[in-house]
$ cat start.cif   # mmCIF, C-alpha atoms and all ligand atoms
data_start
loop_
_atom_site.label_atom_id
_atom_site.label_comp_id
_atom_site.auth_asym_id
_atom_site.auth_seq_id
_atom_site.Cartn_x
_atom_site.Cartn_y
_atom_site.Cartn_z
CA MET A 198 25.58 -37.04 31.81
CA LYS A 199 27.44 -33.77 32.18
CA ILE A 200 24.26 -32.13 33.45
CA ASN A 201 23.59 -34.88 36.00
CA LYS A 202 27.05 -34.43 37.50
CA LYS A 203 26.48 -30.70 37.74
CA VAL A 204 23.07 -31.17 39.36
CA ILE A 205 24.60 -33.52 41.93
CA PHE A 206 27.42 -31.05 42.56
CA THR A 207 24.93 -28.17 43.05
CA VAL A 208 22.89 -30.25 45.52
CA LEU A 209 26.04 -31.13 47.45
CA VAL A 210 27.11 -27.49 47.56
CA SER A 211 23.64 -26.46 48.77
CA ILE A 212 23.67 -29.07 51.52
CA SER A 213 27.20 -28.14 52.57
CA ALA A 214 25.96 -24.57 53.14
CA PHE A 215 24.06 -25.89 56.16
CA CYS A 216 26.89 -28.06 57.46
CA VAL A 217 29.29 -27.22 60.25
CA ASN A 218 31.84 -29.87 61.17
CA GLY A 219 29.94 -32.34 59.05
CA GLN A 220 26.64 -31.74 60.87
CA ASP A 221 23.52 -30.27 59.25
CA THR A 222 22.74 -27.21 61.38
CA ARG A 223 19.10 -27.09 60.31
CA PHE A 224 18.41 -30.19 62.35
CA ASN A 225 18.36 -30.73 66.08
CA GLN A 226 21.61 -32.57 66.71
CA LYS A 227 21.22 -32.71 70.46
CA ASN A 228 18.84 -35.63 70.37
CA PRO A 229 20.02 -37.84 67.52
CA ASP A 230 17.68 -40.62 68.62
CA LYS A 231 14.55 -38.42 68.59
CA PRO A 232 12.17 -37.73 65.66
CA GLU A 233 13.29 -34.06 65.74
CA VAL A 234 16.69 -34.97 64.34
CA THR A 235 15.23 -34.79 60.82
CA GLU A 236 12.89 -31.81 61.38
CA TYR A 237 13.59 -28.10 61.01
CA MET A 238 11.50 -24.96 61.62
CA ASP A 239 13.15 -21.92 60.07
CA PRO A 240 12.59 -19.92 58.07
CA GLU A 241 8.82 -20.20 58.39
CA ILE A 242 7.03 -20.96 55.12
CA LYS A 243 5.45 -17.85 53.59
CA VAL A 244 1.67 -17.77 54.05
CA ILE A 245 -0.48 -16.89 51.04
CA THR A 246 -4.22 -16.99 50.40
CA PRO A 247 -5.46 -19.39 47.73
CA GLY A 248 -8.32 -18.69 45.35
CA ALA A 249 -8.96 -18.04 41.68
CA ILE A 250 -5.89 -15.80 41.86
CA PRO A 251 -3.39 -16.63 44.65
CA SER A 252 -2.59 -13.64 46.85
CA ASP A 253 1.06 -13.47 45.79
CA ALA A 254 0.32 -13.53 42.05
CA ILE A 255 1.03 -10.61 39.74
CA VAL A 256 -2.03 -9.99 37.57
CA LEU A 257 -0.88 -9.51 33.98
CA PHE A 258 -4.34 -9.15 32.46
CA ASP A 259 -7.70 -8.83 34.18
CA GLY A 260 -9.78 -7.78 31.19
CA LYS A 261 -9.67 -4.05 31.94
CA ASN A 262 -6.59 -2.81 30.06
CA LEU A 263 -3.29 -3.77 28.44
CA ASP A 264 -1.19 -1.72 30.86
CA GLN A 265 1.10 -4.64 31.71
CA TRP A 266 1.91 -5.24 28.02
CA GLU A 267 3.76 -3.56 25.18
CA SER A 268 4.32 -4.22 21.50
CA SER A 269 7.06 -6.83 20.99
CA LYS A 270 7.82 -5.11 17.69
CA ASP A 271 8.71 -1.62 18.85
CA GLY A 272 8.12 -1.41 22.60
CA GLY A 273 5.17 0.95 22.02
CA ALA A 274 1.63 0.42 23.25
CA ALA A 275 0.16 -3.06 22.76
CA LYS A 276 -2.31 -2.76 19.90
CA TRP A 277 -4.42 -5.89 20.42
CA LYS A 278 -8.20 -5.58 20.68
CA LEU A 279 -9.73 -5.30 24.13
CA GLU A 280 -13.33 -6.50 24.40
CA ASP A 281 -15.56 -8.54 26.70
CA GLY A 282 -12.81 -9.03 29.27
CA ALA A 283 -10.43 -10.53 26.71
CA MET A 284 -7.54 -9.31 24.60
CA THR A 285 -7.48 -10.51 21.01
CA VAL A 286 -4.66 -10.68 18.47
CA LEU A 287 -4.89 -7.85 15.96
CA GLY A 288 -3.39 -9.61 12.94
CA GLY A 289 -0.34 -7.84 11.58
CA SER A 290 0.14 -5.63 14.65
CA GLY A 291 2.77 -7.98 16.04
CA GLY A 292 3.02 -9.92 19.27
CA ILE A 293 2.85 -8.42 22.73
CA SER A 294 5.22 -8.78 25.67
CA THR A 295 4.94 -8.15 29.39
CA LYS A 296 6.74 -5.00 30.50
CA LYS A 297 8.03 -6.90 33.51
CA HIS A 298 10.67 -9.59 33.05
CA PHE A 299 10.53 -13.06 34.60
CA ALA A 300 12.54 -16.23 35.14
CA ASP A 301 11.18 -19.21 37.16
CA CYS A 302 7.41 -18.90 37.37
CA GLN A 303 3.93 -20.33 37.61
CA LEU A 304 1.83 -18.86 34.81
CA HIS A 305 -1.95 -19.08 34.42
CA ILE A 306 -3.34 -18.03 31.04
CA GLU A 307 -6.62 -18.74 29.28
CA TRP A 308 -7.00 -18.68 25.50
CA ARG A 309 -9.70 -19.15 22.89
CA SER A 310 -9.52 -20.06 19.22
CA PRO A 311 -11.64 -17.84 16.97
CA ILE A 312 -14.43 -19.33 14.86
CA GLU A 313 -12.68 -19.92 11.53
CA SER A 314 -13.76 -21.64 8.30
CA ASP A 315 -12.83 -25.18 7.28
CA GLU A 316 -10.53 -23.67 4.68
CA LYS A 317 -8.12 -22.80 7.46
CA LYS A 318 -6.15 -25.87 8.41
CA GLY A 319 -3.19 -27.14 10.39
CA GLN A 320 -0.88 -24.41 11.60
CA GLY A 321 -3.11 -21.79 9.95
CA LYS A 322 -6.00 -22.31 12.37
CA GLY A 323 -6.13 -20.54 15.72
CA ASN A 324 -2.36 -20.25 15.92
CA SER A 325 -0.69 -18.20 18.62
CA GLY A 326 1.78 -19.06 21.36
CA VAL A 327 2.91 -18.38 24.89
CA PHE A 328 6.65 -17.70 24.81
CA LEU A 329 8.41 -18.21 28.13
CA GLN A 330 11.23 -15.71 28.61
CA GLY A 331 10.17 -14.44 25.20
CA ILE A 332 11.75 -17.34 23.31
CA TYR A 333 10.46 -20.78 24.39
CA GLU A 334 7.04 -21.44 22.84
CA VAL A 335 4.20 -23.37 24.41
CA GLN A 336 2.06 -23.68 21.30
CA VAL A 337 -1.45 -22.29 21.13
CA LEU A 338 -3.44 -23.78 18.24
CA ASN A 339 -6.93 -24.86 17.36
CA SER A 340 -6.18 -28.57 17.73
CA TYR A 341 -9.85 -29.58 17.93
CA ASN A 342 -10.42 -31.78 14.85
CA ASN A 343 -7.44 -30.15 13.18
CA ARG A 344 -4.44 -32.41 12.55
CA THR A 345 -0.95 -31.06 12.22
CA TYR A 346 2.49 -32.37 13.17
CA ARG A 347 2.47 -33.88 16.68
CA ASN A 348 5.06 -31.52 18.06
CA GLY A 349 3.26 -28.49 16.69
CA GLN A 350 -0.21 -28.89 18.14
CA ALA A 351 -1.74 -27.18 21.17
CA GLY A 352 0.22 -27.91 24.33
CA SER A 353 3.41 -28.81 22.49
CA ILE A 354 6.76 -27.23 23.09
CA TYR A 355 6.79 -26.06 19.51
CA LYS A 356 8.72 -28.37 17.18
CA GLN A 357 10.21 -30.19 20.17
CA SER A 358 7.89 -32.02 22.53
CA PRO A 359 4.33 -33.16 21.65
CA PRO A 360 1.65 -32.91 24.37
CA LEU A 361 0.85 -36.17 26.18
CA VAL A 362 -2.80 -35.91 25.11
CA ASN A 363 -5.04 -33.58 23.12
CA VAL A 364 -7.59 -31.86 25.39
CA THR A 365 -8.21 -28.80 23.23
CA SER A 366 -11.60 -27.13 23.55
CA LYS A 367 -13.63 -26.59 20.39
CA MET A 368 -13.53 -23.29 18.50
CA GLY A 369 -15.07 -20.46 20.49
CA ASP A 370 -14.60 -22.19 23.87
CA TRP A 371 -11.92 -21.25 26.37
CA ASN A 372 -8.80 -23.27 27.14
CA VAL A 373 -6.70 -22.96 30.29
CA TYR A 374 -2.94 -23.36 30.54
CA ASP A 375 -1.22 -23.64 33.91
CA ILE A 376 2.51 -23.59 33.28
CA ILE A 377 5.35 -24.26 35.70
CA TYR A 378 8.63 -23.05 34.27
CA THR A 379 12.23 -23.35 35.40
CA ALA A 380 14.58 -20.98 33.60
CA PRO A 381 17.93 -22.16 32.24
CA LYS A 382 21.20 -21.42 33.97
CA PHE A 383 24.35 -20.67 32.03
CA THR A 384 28.02 -21.01 32.83
CA VAL A 385 30.29 -17.98 32.72
CA ASN A 386 31.61 -19.26 29.40
CA GLY A 387 28.14 -19.30 27.84
CA GLY A 388 27.55 -23.02 28.20
CA ILE A 389 24.41 -24.56 29.66
CA GLU A 390 24.64 -25.34 33.36
CA SER A 391 21.00 -26.37 33.55
CA PRO A 392 18.48 -26.33 30.65
CA PRO A 393 14.97 -24.88 30.93
CA TYR A 394 12.18 -27.20 32.07
CA VAL A 395 8.43 -26.86 31.75
CA THR A 396 5.32 -28.55 33.08
CA VAL A 397 2.02 -27.72 31.40
CA MET A 398 -1.53 -28.47 32.48
CA HIS A 399 -4.05 -27.95 29.66
CA ASN A 400 -7.64 -27.70 30.84
CA GLY A 401 -6.51 -29.31 34.09
CA VAL A 402 -4.81 -32.26 32.36
CA LEU A 403 -1.05 -32.84 32.36
CA VAL A 404 0.35 -32.45 28.84
CA GLN A 405 4.03 -31.64 29.55
CA ASN A 406 5.64 -33.36 32.53
CA HIS A 407 8.81 -31.54 33.56
CA THR A 408 9.85 -31.47 29.92
CA MET A 409 13.38 -30.35 29.11
CA ILE A 410 13.34 -27.51 26.59
CA GLN A 411 16.11 -28.05 24.06
CA GLY A 412 16.56 -24.38 23.29
CA VAL A 413 15.05 -21.70 21.11
CA THR A 414 12.98 -23.24 18.35
CA ASN A 415 13.94 -22.27 14.85
CA TYR A 416 11.32 -22.70 12.14
CA ILE A 417 13.96 -24.53 10.13
CA GLY A 418 16.84 -26.26 11.89
CA GLN A 419 17.83 -27.35 15.35
CA PRO A 420 17.21 -25.41 18.59
CA THR A 421 19.83 -22.89 19.65
CA ASN A 422 20.90 -21.78 23.13
CA PRO A 423 21.59 -18.05 23.47
CA VAL A 424 22.60 -16.85 26.93
CA HIS A 425 19.90 -14.72 28.54
CA GLY A 426 18.58 -13.47 31.85
CA LYS A 427 15.08 -12.56 32.99
CA ALA A 428 12.82 -11.79 30.05
CA PRO A 429 9.17 -10.98 29.23
CA ILE A 430 6.32 -13.38 28.59
CA HIS A 431 5.52 -12.95 24.89
CA LEU A 432 2.24 -13.76 23.13
CA GLN A 433 2.40 -14.44 19.40
CA ASP A 434 0.61 -12.73 16.52
CA HIS A 435 0.31 -15.51 13.93
CA GLY A 436 -2.47 -13.73 12.07
CA ASN A 437 -5.34 -15.58 13.76
CA ALA A 438 -7.70 -13.70 16.10
CA VAL A 439 -6.87 -15.77 19.19
CA SER A 440 -8.10 -14.28 22.49
CA PHE A 441 -6.54 -14.38 25.97
CA ARG A 442 -7.96 -13.65 29.41
CA ASN A 443 -7.24 -14.13 33.13
CA VAL A 444 -3.47 -13.96 32.95
CA TRP A 445 -1.51 -14.07 36.20
CA ILE A 446 1.95 -15.15 37.21
CA ARG A 447 3.73 -16.15 40.40
CA GLU A 448 7.48 -15.69 40.54
CA LEU A 449 9.20 -18.73 41.99
MG MG B 501 2.40 -20.57 17.53
#
$ encode --input "start.cif" --output "structure tokens" --more "lines below"
Ligand code: MG
Amino acid sequence: MKINKKVIFTVLVSISAFCVNGQDTRFNQKNPDKPEVTEYMDPEIKVITPGAIPSDAIVLFDGKNLDQWESSKDGGAAKWKLEDGAMTVLGGSGGISTKKHFADCQLHIEWRSPIESDEKKGQGKGNSGVFLQGIYEVQVLNSYNNRTYRNGQAGSIYKQSPPLVNVTSKMGDWNVYDIIYTAPKFTVNGGIESPPYVTVMHNGVLVQNHTMIQGVTNYIGQPTNPVHGKAPIHLQDHGNAVSFRNVWIREL
């Protein structure tokens, strides 16, 4: 309820920025009876070129090198394996993080579960994760014929929100995540002005629909809400040789 009031207040403040003497200056006020009264031109919408990678995207991994990444452990070089246009978790080397920091974004990332024996089960099979701002995990898991808790399978916001459906590719095949993320906003006193939200398409299918992220997931216990600014995208080393390819991001 608190949040809704704040959202309404923010919208009102934003609208008032365009108002002079109660009139919205973006619109043509000279002809209030014409269609133009609710149309505005400026600033012109930025033109970009679509394609496999939109022209305004930052390429984070194109299969050639790990230059955009560093070790999350010590900030040194990312130690994951680079082969066949993919980067693969080197178990025990730690996760990797983008050198550049991000907030609101559209992230495209493809991942593949390794071929693993039937002895590996649940969270122990093809586990990794895409951490938005380094702390909010969109789970990566081999969820093809591999049951685990609902809010821990592929496409979940880990330990918070289960995916709407399970569209995970079988072991050895590639999955695609397209993630739309809105970063949280904090008050000067460290409270939450607006929580983070995420929409996730998994293999082209909606699995998270503008889901509110409750905070940083703790393995045991409730989510917490540390104040933070822009932060890296982090990929998890959970000991499974999960691969990633074609990673790009658009800042929003
Ligand atoms: Mg994980």
$ closest_residue --input "start.cif" --among "A:Val362, A:Ile446, A:Met368, A:Ile389" --to "Asn324 in chain A" --atoms "all atoms listed in the file"
A:Met368
$ residues_around --input "start.cif" --residues "Thr408 in chain A" --least-positions-apart "6" --cutoff "8 Å" --atoms "all atoms listed in the file" --output "list of chain:residue names"
A:Ser358, A:Tyr394, A:Val395, A:Thr396
$ atom_distance --input "start.cif" --atom1 "CA of Ile354 in chain A" --atom2 "CA of Leu304 in chain A"
15.2 Å
$ residues_around --input "start.cif" --residues "range 416-421 of chain A" --least-positions-apart "5" --cutoff "12 Å" --atoms "all atoms listed in the file" --output "ChimeraX atom specification"
/A:332-334,349,354-357,388-389,392,410-411
$ residues_near_ligand --input "start.cif" --ligand "ligand MG 501 (chain B)" --cutoff "7 Å" --atoms "all atoms listed in the file" --output "PDB file with C-alpha atoms, keeping the file's coordinate frame"
ATOM      1  CA  ASN A 324      -2.360 -20.250  15.920  1.00  0.00           C
ATOM      2  CA  SER A 325      -0.690 -18.200  18.620  1.00  0.00           C
ATOM      3  CA  GLY A 326       1.780 -19.060  21.360  1.00  0.00           C
ATOM      4  CA  GLN A 336       2.060 -23.680  21.300  1.00  0.00           C
ATOM      5  CA  VAL A 337      -1.450 -22.290  21.130  1.00  0.00           C
ATOM      6  CA  LEU A 338      -3.440 -23.780  18.240  1.00  0.00           C
ATOM      7  CA  GLN A 433       2.400 -14.440  19.400  1.00  0.00           C
ATOM      8  CA  HIS A 435       0.310 -15.510  13.930  1.00  0.00           C
TER       9      HIS A 435
END
$ closest_atom_pairs --input "start.cif" --of "range 325-378 of chain A" --to "range 306-320 of chain A" --cutoff "6 Å" --atoms "all atoms listed in the file" --output "CSV"
residue,atom,partner,partner_atom,distance
A:Asn339,CA,A:Ser310,CA,5.8
A:Asn343,CA,A:Gly319,CA,5.9
A:Arg344,CA,A:Gly319,CA,5.8
A:Thr345,CA,A:Gly319,CA,4.9
A:Met368,CA,A:Ser310,CA,5.2
A:Gly369,CA,A:Pro311,CA,5.6
A:Asp370,CA,A:Arg309,CA,5.8
A:Trp371,CA,A:Arg309,CA,4.6
A:Asn372,CA,A:Trp308,CA,5.2
A:Val373,CA,A:Glu307,CA,4.3
A:Tyr374,CA,A:Ile306,CA,5.4
$ residues_around --input "start.cif" --residues "His305 in chain A" --least-positions-apart "2" --cutoff "6 Å" --atoms "only C-alpha atoms" --output "list of chain:residue names"
A:Tyr374, A:Asp375, A:Val444, A:Trp445
$ atom_distance --input "start.cif" --atom1 "CA of Ile242 in chain A" --atom2 "CA of Ile377 in chain A"
19.8 Å
$ atom_distance --input "start.cif" --atom1 "CA of Val402 in chain A" --atom2 "CA of Val364 in chain A"
7.5 Å
$ closest_residue --input "start.cif" --among "A:Ser294, A:Lys276, A:Pro359, A:Gln303" --to "Pro251 in chain A" --atoms "only C-alpha atoms"
A:Gln303
$ closest_residue --input "start.cif" --among "A:Leu263, A:Val234, A:Ile293, A:Val327" --to "Glu280 in chain A" --atoms "only C-alpha atoms"
A:Leu263
$ closest_residue --input "start.cif" --among "A:Tyr237, A:Gly321, A:Leu449, A:Phe441" --to "Asp259 in chain A" --atoms "only C-alpha atoms"
A:Phe441
$ closest_residue --input "start.cif" --among "A:Ser290, A:Ile376, A:Ala351, A:Lys297" --to "Lys322 in chain A" --atoms "only C-alpha atoms"
A:Ala351
$ closest_residue --input "start.cif" --among "A:Glu448, A:Phe299, A:Gly248, A:Ser268" --to "Leu287 in chain A" --atoms "all atoms listed in the file"
A:Ser268
$ axis_aligned_box --input "start.cif" --around "range 301-306 of chain A" --padding-each-side "4 Å" --output "lines of an AutoDock Vina configuration file"
center_x = 3.9
center_y = -19.2
center_z = 34.3
size_x = 22.5
size_y = 10.3
size_z = 14.6
